[in-house]
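Novice: Quick one: this structure, given as structure tokens, is what I'll be asking you about.
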Amino acid sequence: MKKFVFAPALAALAMFVFGAIYWMSPLPYKALNRVPDDAAAGAALARIFPATGAYFVPGMYLDAKQHEELTKRGPIAEVHYIDHGMALVDPMQLVQGYIHEFVICLVLVMLLEKAGPGFKCWSCRAKFCAMIGLLFALCDYGSSVWWYHSIAWETSQAVYDFLAFVIVGLVLGKLLTPKPAPAPAT
């Protein structure tokens with residue numbers, strides 16, 4: 001029970017708290033550009049995009065020749081659009097976020113359990129989680145390569161992913177330390 005409920009729950013809580021601190025700080029948002037008028041930009045989006053969803057401009061549904069022509073001419077955009085307002089902090093989103101983090105931590109626990117004999121100390125388990133975090137962080141940069149996302153924004157995502165896994169690794173490394181084998185009776 002401790003391994004598969006308590007450990008991932010506590011690690012997910014650590015990830016959740018770190019995420020709150022990181023994403024509520026101004027640091028990651030320094031990577032974003034600003035528009036001169038947010039209200040006008042929102043109104044323009046509402047006129048152009050018909051419904052909540054993800055969009056490419058130019059659209060992937062265009063015939064190949066038109067798509068190539070519009071891509072060469074620019075501008076190019078990937079837009080994730082929500083056609084209605086919402087609360088800045090939605091309690092249900094926080095619950096879903098924690099559940100998502102719990103599942104990530106549970107998978108890490110399962111990986112650590114399978115690889116357990118190879119990890120002689122808690123720091124080995126922490127380093128393993130950090131390496132998985134590094135893998136996630138490097139994957140973030142794929143969006144810059146394939147979808148032309150800003151390197152600065154992807155770096156802010158990568159920093160979060162790596163540090164979150166380091167923190168989770170420290171928690172899981174300590175909680176999943178195997179008990180020493182009893183000394184043989186003499």
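Convention: chains lettered A, B, ... in structure tokens order; per-chain residue numbering from 1; ligands numbered from 1 as shown.
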DSSP on the backbone: which residues in range 3-152 of chain A end up as strand (DSSP E)? Give the answer as a PyMOL selection string.

Specialist: chain A and resi 53-57+77-81

Novice: Take the residues just selected and output them with N, CA, C and O atoms as a PDB file, in the first residue's frame.

Specialist:
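Saved file part13.pdb follows:
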ATOM      1  N   GLY A  53     -10.996  24.693 -29.989  1.00  0.00           N
ATOM      2  CA  GLY A  53     -10.224  23.635 -30.636  1.00  0.00           C
ATOM      3  C   GLY A  53      -8.808  24.080 -30.920  1.00  0.00           C
ATOM      4  O   GLY A  53      -8.380  25.163 -30.534  1.00  0.00           O
ATOM      5  N   ALA A  54      -8.091  23.222 -31.620  1.00  0.00           N
ATOM      6  CA  ALA A  54      -6.719  23.506 -32.037  1.00  0.00           C
ATOM      7  C   ALA A  54      -6.730  23.763 -33.538  1.00  0.00           C
ATOM      8  O   ALA A  54      -7.410  23.065 -34.288  1.00  0.00           O
ATOM      9  N   TYR A  55      -5.966  24.764 -33.952  1.00  0.00           N
ATOM     10  CA  TYR A  55      -5.946  25.169 -35.351  1.00  0.00           C
ATOM     11  C   TYR A  55      -4.508  25.392 -35.819  1.00  0.00           C
ATOM     12  O   TYR A  55      -3.677  25.872 -35.057  1.00  0.00           O
ATOM     13  N   PHE A  56      -4.256  25.068 -37.079  1.00  0.00           N
ATOM     14  CA  PHE A  56      -3.038  25.466 -37.762  1.00  0.00           C
ATOM     15  C   PHE A  56      -3.419  26.500 -38.804  1.00  0.00           C
ATOM     16  O   PHE A  56      -4.444  26.372 -39.480  1.00  0.00           O
ATOM     17  N   VAL A  57      -2.596  27.520 -38.924  1.00  0.00           N
ATOM     18  CA  VAL A  57      -2.760  28.514 -39.977  1.00  0.00           C
ATOM     19  C   VAL A  57      -1.427  28.583 -40.699  1.00  0.00           C
ATOM     20  O   VAL A  57      -0.424  28.916 -40.063  1.00  0.00           O
ATOM     21  N   ALA A  77       0.843  29.877 -37.787  1.00  0.00           N
ATOM     22  CA  ALA A  77       0.437  29.851 -36.379  1.00  0.00           C
ATOM     23  C   ALA A  77      -0.150  28.495 -36.006  1.00  0.00           C
ATOM     24  O   ALA A  77      -0.727  27.800 -36.836  1.00  0.00           O
ATOM     25  N   GLU A  78       0.024  28.156 -34.747  1.00  0.00           N
ATOM     26  CA  GLU A  78      -0.673  27.041 -34.116  1.00  0.00           C
ATOM     27  C   GLU A  78      -1.453  27.672 -32.975  1.00  0.00           C
ATOM     28  O   GLU A  78      -0.864  28.289 -32.093  1.00  0.00           O
ATOM     29  N   VAL A  79      -2.762  27.538 -33.026  1.00  0.00           N
ATOM     30  CA  VAL A  79      -3.609  28.230 -32.059  1.00  0.00           C
ATOM     31  C   VAL A  79      -4.423  27.201 -31.274  1.00  0.00           C
ATOM     32  O   VAL A  79      -5.068  26.338 -31.867  1.00  0.00           O
ATOM     33  N   HIS A  80      -4.380  27.313 -29.963  1.00  0.00           N
ATOM     34  CA  HIS A  80      -5.244  26.526 -29.087  1.00  0.00           C
ATOM     35  C   HIS A  80      -6.255  27.517 -28.534  1.00  0.00           C
ATOM     36  O   HIS A  80      -5.910  28.383 -27.725  1.00  0.00           O
ATOM     37  N   TYR A  81      -7.487  27.395 -28.992  1.00  0.00           N
ATOM     38  CA  TYR A  81      -8.495  28.431 -28.790  1.00  0.00           C
ATOM     39  C   TYR A  81      -9.646  27.902 -27.944  1.00  0.00           C
ATOM     40  O   TYR A  81     -10.134  26.790 -28.175  1.00  0.00           O
TER      41      TYR A  81
END

Novice: Can you list every residue of range 12-88 of chain A that has an atom at most 9 Å from range 99-118 of chain A, with its nearest atom pair and the distance in Å to one decimal, using only C-alpha atoms, ordered by chain then number, as CSV?

Specialist:
residue,atom,partner,partner_atom,distance
A:Ala12,CA,A:Phe102,CA,4.9
A:Leu13,CA,A:Phe102,CA,8.0
A:Met15,CA,A:Glu101,CA,7.1
A:Phe16,CA,A:Glu101,CA,7.3

Novice: Can you spit out the residues from that selection as an mmCIF file, in the first residue's frame, using N, CA, C and O atoms?

Specialist:
data_model
loop_
_atom_site.group_PDB
_atom_site.id
_atom_site.type_symbol
_atom_site.label_atom_id
_atom_site.label_comp_id
_atom_site.auth_asym_id
_atom_site.auth_seq_id
_atom_site.Cartn_x
_atom_site.Cartn_y
_atom_site.Cartn_z
ATOM 1 N N ALA A 12 3.392 13.170 -5.918
ATOM 2 C CA ALA A 12 2.518 14.020 -6.737
ATOM 3 C C ALA A 12 2.225 15.336 -6.016
ATOM 4 O O ALA A 12 2.150 16.394 -6.649
ATOM 5 N N LEU A 13 2.069 15.285 -4.695
ATOM 6 C CA LEU A 13 1.853 16.508 -3.931
ATOM 7 C C LEU A 13 3.079 17.423 -4.038
ATOM 8 O O LEU A 13 2.947 18.635 -4.225
ATOM 9 N N MET A 15 5.206 17.480 -6.518
ATOM 10 C CA MET A 15 5.193 17.990 -7.897
ATOM 11 C C MET A 15 4.147 19.098 -8.049
ATOM 12 O O MET A 15 4.397 20.114 -8.694
ATOM 13 N N PHE A 16 2.991 18.907 -7.429
ATOM 14 C CA PHE A 16 1.900 19.881 -7.491
ATOM 15 C C PHE A 16 2.321 21.207 -6.851
ATOM 16 O O PHE A 16 2.121 22.281 -7.426
#

Novice: With only C-alpha atoms as the basis for distance, which of A:Val159, A:Met86, A:Val17, A:Ile76 is at the shortest distance from Cys139 in chain A?

Specialist: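 When distances to Cys139 in chain A are compared using only C-alpha atoms, the smallest one comes from A:Val159.
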
Novice: Which neighbours of Ala158 in chain A fall inside 7 Å, counting only C-alpha atoms, when residues of the same chain fewer than 4 positions from it are skipped, and could you give them as a list in words?

Specialist: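 In the requested form, the answer reads Ala137, Leu138, Asp140, Glu154 and Phe162 of chain A.
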
Novice: Could you name the residues that touch range 20-30 of chain A at 12 Å or less, counting only C-alpha atoms, but leaving out those on the same chain fewer than 2 positions away, as a list in words?

Specialist: Leu13, Ala14, Met15, Phe16, Val17, Phe18, Leu32, Asn33, Arg34, Leu88, Val89, Leu94, Gly97, Tyr98, Ser150, Ala152, Trp153, Glu154, Thr155, Ser156, Gln157, Ala158, Val159, Tyr160, Asp161, Leu163 and Ala164 of chain A

Novice: For CA of His67 in chain A and CA of Leu45 in chain A, quote the distance in Å rounded to one decimal.

Specialist: 20.8 Å

Novice: From range 3-179 of chain A, collect each residue whose DSSP state is helix (DSSP H, G or I) and return the set as JSON, numbers by chain.

Specialist: {"A": [3, 4, 5, 6, 7, 8, 9, 10, 11, 12, 13, 14, 15, 16, 17, 18, 19, 20, 21, 22, 23, 24, 28, 29, 30, 31, 38, 39, 40, 41, 42, 43, 44, 45, 46, 47, 48, 64, 65, 66, 67, 68, 69, 70, 71, 72, 73, 91, 92, 93, 94, 95, 96, 97, 98, 99, 100, 101, 102, 103, 104, 105, 106, 107, 108, 109, 110, 111, 112, 113, 114, 115, 116, 117, 118, 122, 123, 124, 125, 126, 127, 128, 129, 130, 131, 132, 133, 134, 135, 136, 137, 138, 139, 140, 142, 143, 144, 145, 146, 147, 151, 152, 153, 154, 155, 156, 157, 158, 159, 160, 161, 162, 163, 164, 165, 166, 167, 168, 169, 170, 171, 172, 173, 174, 175]}

Novice: The selected residues should be written to file as a tab-separated table (two decimals), in the first residue's frame (atoms: C-alpha atoms).

Specialist:
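Output file selection.tsv is given in full below:
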chain	number	residue	atom	x	y	z
A	3	LYS	CA	4.53	1.85	-2.42
A	4	PHE	CA	1.55	2.21	-4.72
A	5	VAL	CA	-0.62	4.75	-2.89
A	6	PHE	CA	1.29	6.75	-0.29
A	7	ALA	CA	4.57	7.15	-2.21
A	8	PRO	CA	3.03	8.37	-5.50
A	9	ALA	CA	0.49	10.51	-3.60
A	10	LEU	CA	3.24	12.29	-1.66
A	11	ALA	CA	5.47	12.62	-4.75
A	12	ALA	CA	2.52	14.02	-6.74
A	13	LEU	CA	1.85	16.51	-3.93
A	14	ALA	CA	5.50	17.63	-4.10
A	15	MET	CA	5.19	17.99	-7.90
A	16	PHE	CA	1.90	19.88	-7.49
A	17	VAL	CA	3.38	22.35	-4.97
A	18	PHE	CA	6.48	22.87	-7.12
A	19	GLY	CA	4.24	23.41	-10.17
A	20	ALA	CA	2.19	26.00	-8.31
A	21	ILE	CA	5.31	27.88	-7.28
A	22	TYR	CA	6.90	27.65	-10.74
A	23	TRP	CA	3.83	28.52	-12.84
A	24	MET	CA	2.64	31.30	-10.50
A	28	PRO	CA	8.25	31.07	-17.29
A	29	TYR	CA	6.17	33.90	-18.76
A	30	LYS	CA	9.22	36.01	-19.56
A	31	ALA	CA	9.53	33.71	-22.59
A	38	ASP	CA	-5.22	41.82	-25.51
A	39	ALA	CA	-8.91	42.71	-25.84
A	40	ALA	CA	-8.57	43.45	-29.56
A	41	ALA	CA	-6.56	40.24	-30.08
A	42	GLY	CA	-9.29	38.24	-28.30
A	43	ALA	CA	-12.00	39.86	-30.42
A	44	ALA	CA	-10.04	39.05	-33.61
A	45	LEU	CA	-9.67	35.43	-32.53
A	46	ALA	CA	-13.42	35.22	-31.86
A	47	ARG	CA	-14.15	36.53	-35.38
A	48	ILE	CA	-11.76	34.10	-37.08
A	64	ALA	CA	-0.96	20.77	-51.09
A	65	LYS	CA	-0.26	23.64	-53.51
A	66	GLN	CA	-2.30	26.21	-51.56
A	67	HIS	CA	-0.84	25.00	-48.24
A	68	GLU	CA	2.72	25.35	-49.57
A	69	GLU	CA	2.02	28.82	-51.00
A	70	LEU	CA	0.47	30.14	-47.79
A	71	THR	CA	3.22	28.55	-45.68
A	72	LYS	CA	5.93	30.24	-47.74
A	73	ARG	CA	4.14	33.59	-47.54
A	91	PRO	CA	-10.77	23.87	-8.64
A	92	MET	CA	-11.68	21.00	-10.99
A	93	GLN	CA	-8.61	21.73	-13.12
A	94	LEU	CA	-6.47	21.56	-9.97
A	95	VAL	CA	-7.99	18.17	-9.09
A	96	GLN	CA	-7.39	16.88	-12.64
A	97	GLY	CA	-3.83	18.21	-12.51
A	98	TYR	CA	-3.13	16.39	-9.25
A	99	ILE	CA	-4.60	13.15	-10.63
A	100	HIS	CA	-2.42	13.51	-13.73
A	101	GLU	CA	0.66	14.00	-11.55
A	102	PHE	CA	-0.34	11.05	-9.34
A	103	VAL	CA	-0.51	8.79	-12.41
A	104	ILE	CA	2.94	9.99	-13.55
A	105	CYS	CA	4.34	9.26	-10.09
A	106	LEU	CA	2.62	5.86	-9.96
A	107	VAL	CA	4.26	4.91	-13.28
A	108	LEU	CA	7.61	6.04	-11.87
A	109	VAL	CA	7.02	3.86	-8.80
A	110	MET	CA	6.33	0.87	-11.05
A	111	LEU	CA	9.50	1.57	-13.07
A	112	LEU	CA	11.54	1.91	-9.89
A	113	GLU	CA	10.10	-1.34	-8.53
A	114	LYS	CA	11.06	-3.23	-11.70
A	115	ALA	CA	14.56	-1.77	-11.65
A	116	GLY	CA	14.80	-1.91	-7.85
A	117	PRO	CA	17.60	-4.46	-7.46
A	118	GLY	CA	19.83	-2.27	-9.60
A	122	TRP	CA	18.09	6.25	-2.51
A	123	SER	CA	20.19	8.61	-4.63
A	124	CYS	CA	20.29	6.02	-7.43
A	125	ARG	CA	16.48	6.09	-7.57
A	126	ALA	CA	16.50	9.90	-7.44
A	127	LYS	CA	19.03	10.05	-10.31
A	128	PHE	CA	16.93	7.61	-12.35
A	129	CYS	CA	13.90	9.92	-12.00
A	130	ALA	CA	16.06	12.93	-12.87
A	131	MET	CA	17.21	11.16	-16.05
A	132	ILE	CA	13.59	10.51	-17.02
A	133	GLY	CA	12.93	14.21	-16.35
A	134	LEU	CA	15.83	15.08	-18.64
A	135	LEU	CA	14.30	12.86	-21.32
A	136	PHE	CA	10.96	14.67	-20.96
A	137	ALA	CA	12.75	18.03	-21.06
A	138	LEU	CA	14.55	17.11	-24.27
A	139	CYS	CA	11.26	15.95	-25.79
A	140	ASP	CA	9.81	19.42	-25.11
A	142	GLY	CA	10.64	18.68	-30.36
A	143	SER	CA	7.85	21.26	-30.52
A	144	SER	CA	10.41	23.87	-31.51
A	145	VAL	CA	11.86	21.62	-34.18
A	146	TRP	CA	8.66	20.25	-35.70
A	147	TRP	CA	6.03	22.89	-34.91
A	151	ILE	CA	12.72	28.01	-28.05
A	152	ALA	CA	12.32	30.33	-25.06
A	153	TRP	CA	8.84	28.96	-24.23
A	154	GLU	CA	9.91	25.35	-24.71
A	155	THR	CA	12.90	26.02	-22.45
A	156	SER	CA	10.55	27.19	-19.70
A	157	GLN	CA	8.58	23.94	-20.16
A	158	ALA	CA	11.78	21.88	-20.18
A	159	VAL	CA	13.10	23.52	-17.00
A	160	TYR	CA	9.81	22.75	-15.25
A	161	ASP	CA	9.72	19.13	-16.45
A	162	PHE	CA	13.31	18.43	-15.41
A	163	LEU	CA	13.03	20.07	-11.98
A	164	ALA	CA	9.65	18.43	-11.29
A	165	PHE	CA	11.16	15.00	-11.94
A	166	VAL	CA	14.18	15.81	-9.77
A	167	ILE	CA	11.83	16.71	-6.90
A	168	VAL	CA	9.72	13.60	-7.44
A	169	GLY	CA	12.90	11.53	-7.59
A	170	LEU	CA	14.06	12.87	-4.25
A	171	VAL	CA	10.70	12.02	-2.65
A	172	LEU	CA	10.39	8.57	-4.23
A	173	GLY	CA	14.07	7.83	-3.66
A	174	LYS	CA	13.60	8.28	0.08
A	175	LEU	CA	10.16	6.63	0.35

Novice: Which distance in Å separates CA of Thr177 in chain A and CA of Cys121 in chain A, to one decimal?

Specialist: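 So the answer is 7.0 Å.
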
Novice: Just the number, please: distance in Å from CA of Ala51 in chain A to CA of Asp83 in chain A, one decimal.

Specialist: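 Distance between the two atoms: 5.8 Å.
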